[in-house]
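Here the structure comes first, spelled out in structure tokens, and everything after it is commentary.
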Amino acid sequence: MENINLKINGLDVSAPAGSTILEAAHLAGIKIPTLCFLKEINEIGACRMCVVEVKGARNLVAACVHPINEGMEVYTNTPRLIKSRKKTLQLLLSNHDKKCLSCVRSGNCELQQLCREYGVDDENFFEGKVNHYELDTSAAHMVRDNNKCILCRRCVAVCEKVQGIGVIGTNNRGFSTMIGSAFEMGLGETSCVSCGQCIAVCPTGALYEKDYTQKILDAIADPDKYVVVQTAPSVRAGLGEEFGYPMGTDVEGKM
Ligand code: SF4
Ligand code: SF4
Ligand code: FES
């Protein structure tokens with residue numbers, strides 16, 4: 001395939017034609033922050049965290065969707081970009097339930113991590129209108145807390161494109177946009193297959209597993225009960241990947 005030559009932060013970079021700026025930067029070992037981007041699954045340029053400056057372009061461009069051109073000069077870390085990304089994070093936090101201390105994703109949250117990197121916290125966000133949502137606890141396996149959703153739509157994309165189920169999407173418009181199912185159904189009322197892929201790709205604590213640990217411990221301790229344990233199919237494959245087996249390897253019997 002033909003290669004395209006460009007400069008990123010003054011460095012000569014060569015990447016296959018058709019690559020995005022983000023892909024070319026990755027090839028050169030240059031990090032550009034992302035939030036909504038999920039390789040080959042969610043490439044919608046929605047969050048604007050990945051903005052970069054392109055010489056000659058008036059506006060900042062989203063690196064995750066903008067293709068490279070011969071001779072292009074890209075800058076990924078200028079004061080203008082830092083200011084813009086900071087503003088994006090401050091806007092996200094202005095409509096976010098910022099209770100990190102009690103959040104399941106604290107310490108493993110992409111939003112929290114980026115806020116830390118860019119010096120944004122629960123003191124210096126933009127004050128504004130805040131949405132308040134009821135938790136969706138209707139599914140047996142998981143909870144949706146839209147108060148922590150940043151509308152990146154990764155969950156929507158993985159459900160539709162990877163799992164082929166498509167039971168979640170965006171409801172309403174503008175500031176009222178929220179992730180949900182058709183006709184405002186709870187997830188438990190849809191044909192969701194409980195795979196948990198949406199939880200795995202969510203960058204925040206908006207989606208999380210229900211915790212039945214105590215119930216199981218109680219059952220194990222109950223002398224009148226025989227406890228039978230079964231793992232979900234996705235766990236049989238997912239756990240293997242965690243230990244470096246090729247994708248899809250069934251590790252039942254090795255767990
Ligand atoms: S989703 Fe992230 S930023 Fe939001 S409360 Fe949870 S840990 Fe904090
Ligand atoms: S629930 Fe999570 S993955 Fe889905 S749009 Fe909200 S933040 Fe993104
Ligand atoms: S990561 Fe590029 S716009 Fe969200």
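Note on naming: chains are A, B, ... as they come in the structure tokens, residues start from 1 per chain, ligands start from 1 in the order shown.
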
Mind listing the residues within 12 Å of ligand 2, only C-alpha atoms and all ligand atoms counted, as a PyMOL selection string?
chain A and resi 35-38+41-42+46-47+92+96+105+109-111+135-136+142-159+168-171+177-181+196-208

Backbone-only DSSP, helix (DSSP H, G or I) members of stretch 22-216 of chain A, as a ChimeraX atom specification:
/A:22-27,79-94,100-102,110-117,146-148,154-162,174-176,182-184,187-189,197-201,213-216

If you count only C-alpha atoms and all ligand atoms, which residues end up within 10 Å of ligand 3, as a compact mmCIF listing (two decimals) with N, CA, C and O atoms, in the first residue's frame?
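Wrote part26.txt, looks like this:
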# COMPACT_ATOMS: atom_id res chain seq x y z
N LEU A 22 -4.75 10.05 13.95
CA LEU A 22 -4.55 9.27 15.18
C LEU A 22 -3.71 8.02 14.90
O LEU A 22 -2.77 7.70 15.64
N ILE A 32 -2.13 10.72 21.48
CA ILE A 32 -3.18 11.74 21.39
C ILE A 32 -4.32 11.21 22.27
O ILE A 32 -4.74 10.06 22.10
N PRO A 33 -4.83 12.02 23.21
CA PRO A 33 -5.89 11.50 24.08
C PRO A 33 -7.19 11.27 23.31
O PRO A 33 -7.50 12.00 22.37
N THR A 34 -7.94 10.23 23.69
CA THR A 34 -9.23 9.93 23.06
C THR A 34 -10.24 9.60 24.16
O THR A 34 -9.86 9.23 25.27
N LEU A 35 -11.50 9.67 23.80
CA LEU A 35 -12.54 9.24 24.75
C LEU A 35 -13.61 8.41 24.02
O LEU A 35 -13.89 7.29 24.40
N CYS A 36 -14.19 8.97 22.96
CA CYS A 36 -15.27 8.23 22.29
C CYS A 36 -14.73 7.17 21.33
O CYS A 36 -15.41 6.22 20.98
N PHE A 37 -13.49 7.29 20.94
CA PHE A 37 -12.92 6.42 19.91
C PHE A 37 -12.76 4.97 20.39
O PHE A 37 -12.26 4.72 21.48
N LEU A 38 -13.20 4.03 19.56
CA LEU A 38 -12.96 2.61 19.80
C LEU A 38 -12.63 2.02 18.44
O LEU A 38 -13.48 1.98 17.55
N LYS A 39 -11.41 1.62 18.27
CA LYS A 39 -10.89 1.23 16.97
C LYS A 39 -11.82 0.31 16.17
O LYS A 39 -12.24 -0.73 16.66
N ASN A 42 -16.16 2.34 16.98
CA ASN A 42 -16.79 3.64 17.19
C ASN A 42 -15.83 4.74 16.76
O ASN A 42 -15.01 5.20 17.55
N GLU A 43 -15.93 5.11 15.51
CA GLU A 43 -15.05 6.15 14.97
C GLU A 43 -15.95 7.28 14.48
O GLU A 43 -16.17 7.44 13.29
N ILE A 44 -16.52 8.01 15.45
CA ILE A 44 -17.57 8.98 15.11
C ILE A 44 -17.16 10.42 15.36
O ILE A 44 -17.93 11.34 15.07
N GLY A 45 -15.99 10.64 15.93
CA GLY A 45 -15.53 12.02 16.16
C GLY A 45 -16.46 12.84 17.01
O GLY A 45 -16.72 14.00 16.71
N ALA A 46 -16.97 12.25 18.10
CA ALA A 46 -18.00 12.95 18.89
C ALA A 46 -17.46 13.77 20.05
O ALA A 46 -17.99 14.83 20.34
N CYS A 47 -16.43 13.29 20.73
CA CYS A 47 -16.07 13.92 22.01
C CYS A 47 -15.11 15.10 21.89
O CYS A 47 -15.05 15.94 22.77
N ARG A 48 -14.33 15.17 20.85
CA ARG A 48 -13.37 16.26 20.60
C ARG A 48 -12.17 16.26 21.55
O ARG A 48 -11.48 17.25 21.67
N MET A 49 -11.93 15.14 22.23
CA MET A 49 -10.73 15.08 23.08
C MET A 49 -9.47 14.97 22.23
O MET A 49 -8.38 15.35 22.64
N CYS A 50 -9.61 14.39 21.03
CA CYS A 50 -8.44 14.08 20.23
C CYS A 50 -8.07 15.22 19.27
O CYS A 50 -7.31 15.00 18.33
N VAL A 51 -8.59 16.42 19.52
CA VAL A 51 -8.32 17.51 18.57
C VAL A 51 -6.82 17.79 18.41
O VAL A 51 -6.05 17.66 19.36
N VAL A 52 -6.43 18.11 17.19
CA VAL A 52 -5.05 18.48 16.87
C VAL A 52 -5.08 19.71 15.96
O VAL A 52 -6.12 20.04 15.40
N VAL A 61 -8.94 19.91 14.31
CA VAL A 61 -9.58 18.74 13.69
C VAL A 61 -9.50 17.54 14.63
O VAL A 61 -8.58 17.42 15.43
N ALA A 62 -10.49 16.66 14.51
CA ALA A 62 -10.52 15.44 15.34
C ALA A 62 -9.60 14.40 14.71
O ALA A 62 -9.85 13.91 13.61
N ALA A 63 -8.52 14.07 15.42
CA ALA A 63 -7.50 13.17 14.87
C ALA A 63 -8.04 11.77 14.59
O ALA A 63 -7.54 11.07 13.71
N CYS A 64 -9.08 11.35 15.32
CA CYS A 64 -9.55 9.97 15.17
C CYS A 64 -10.32 9.75 13.87
O CYS A 64 -10.53 8.60 13.47
N VAL A 65 -10.76 10.83 13.23
CA VAL A 65 -11.50 10.65 11.97
C VAL A 65 -10.88 11.40 10.78
O VAL A 65 -11.26 11.18 9.64
N HIS A 66 -9.91 12.27 11.06
CA HIS A 66 -9.36 13.09 9.98
C HIS A 66 -8.24 12.34 9.23
O HIS A 66 -7.26 11.92 9.83
N CYS A 152 -20.56 8.90 24.76
CA CYS A 152 -19.53 8.55 23.78
C CYS A 152 -20.06 7.56 22.74
O CYS A 152 -19.49 7.41 21.68

inquiry  = When you look at A:Asn95 with a cut-off of 10 Å (counting only C-alpha atoms), what residues show up, excluding the ones that are within fewer than 4 positions of it in the same chain? I need them as an MDAnalysis selection string.
reply    = chainID A and resid 90:91 125:132 147:150 175

Note to self: Can you tell me, as a PyMOL selection string, which residues in stretch 8-252 of chain A count as strand (DSSP E or B) by DSSP?
What the structure shows: chain A and resi 8+11-16+20+38+42+51-54+61-62+67+73-75+136+142-144+169-171+178-180+207-209

Would you kindly return, as a PyMOL selection string, each protein, DNA or RNA residue with an atom no farther than 12 Å from any atom of A:Val193, considering only C-alpha atoms and excluding same-chain residues fewer than 4 positions away? chain A and resi 139-142+159+163-168+187-189+197-198+232-234

Exercise for review: One decimal, Å: what's the distance from atom CA of A:Lys254 over to atom CA of A:Ala237, could you say?
Suggested key: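 Spanning atom CA of A:Lys254 to atom CA of A:Ala237 is a straight-line distance of 11.3 Å.
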
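Going from atom CA of A:Gln214 over to atom CA of A:Thr231, you cover 17.2 Å.
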
For A:Val74, find every residue with an atom within 9 Å (counting only C-alpha atoms), except residues of its own chain fewer than 4 positions away, and show them as a JSON list (two decimals) with N, CA and C atoms, in the first residue's frame.
[["chain", "number", "residue", "atom", "x", "y", "z"],
["A", 6, "LEU", "N", 4.19, 12.76, 6.30],
["A", 6, "LEU", "CA", 3.73, 13.99, 6.97],
["A", 6, "LEU", "C", 4.65, 14.30, 8.14],
["A", 7, "LYS", "N", 4.40, 15.42, 8.77],
["A", 7, "LYS", "CA", 5.16, 15.78, 9.96],
["A", 7, "LYS", "C", 4.21, 15.87, 11.14],
["A", 8, "ILE", "N", 4.59, 15.23, 12.25],
["A", 8, "ILE", "CA", 3.80, 15.39, 13.48],
["A", 8, "ILE", "C", 4.73, 15.93, 14.55],
["A", 9, "ASN", "N", 4.39, 17.07, 15.09],
["A", 9, "ASN", "CA", 5.24, 17.76, 16.08],
["A", 9, "ASN", "C", 6.68, 17.92, 15.58],
["A", 10, "GLY", "N", 6.80, 18.15, 14.27],
["A", 10, "GLY", "CA", 8.11, 18.38, 13.68],
["A", 10, "GLY", "C", 8.86, 17.10, 13.29],
["A", 21, "ILE", "N", -5.11, 10.70, 11.31],
["A", 21, "ILE", "CA", -4.00, 11.35, 12.04],
["A", 21, "ILE", "C", -3.69, 10.54, 13.30],
["A", 52, "VAL", "N", -6.43, 18.11, 17.19],
["A", 52, "VAL", "CA", -5.05, 18.48, 16.87],
["A", 52, "VAL", "C", -5.08, 19.71, 15.96],
["A", 53, "GLU", "N", -3.92, 20.35, 15.85],
["A", 53, "GLU", "CA", -3.82, 21.49, 14.92],
["A", 53, "GLU", "C", -3.18, 21.00, 13.62],
["A", 54, "VAL", "N", -3.76, 21.39, 12.51],
["A", 54, "VAL", "CA", -3.16, 21.08, 11.21],
["A", 54, "VAL", "C", -2.77, 22.40, 10.57],
["A", 55, "LYS", "N", -1.51, 22.53, 10.17],
["A", 55, "LYS", "CA", -1.03, 23.79, 9.59],
["A", 55, "LYS", "C", -1.90, 24.18, 8.40]]

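Using only C-alpha atoms, the shortest contact distance between A:Cys115 and any of A:Leu101, A:Val13, A:Ile82, A:Ile216 is found at A:Ile82.
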
Restricting to only C-alpha atoms and all ligand atoms, whichever of A:Val227, A:Met247, A:Val162, A:Val120 is closest to ligand 1 is A:Val120
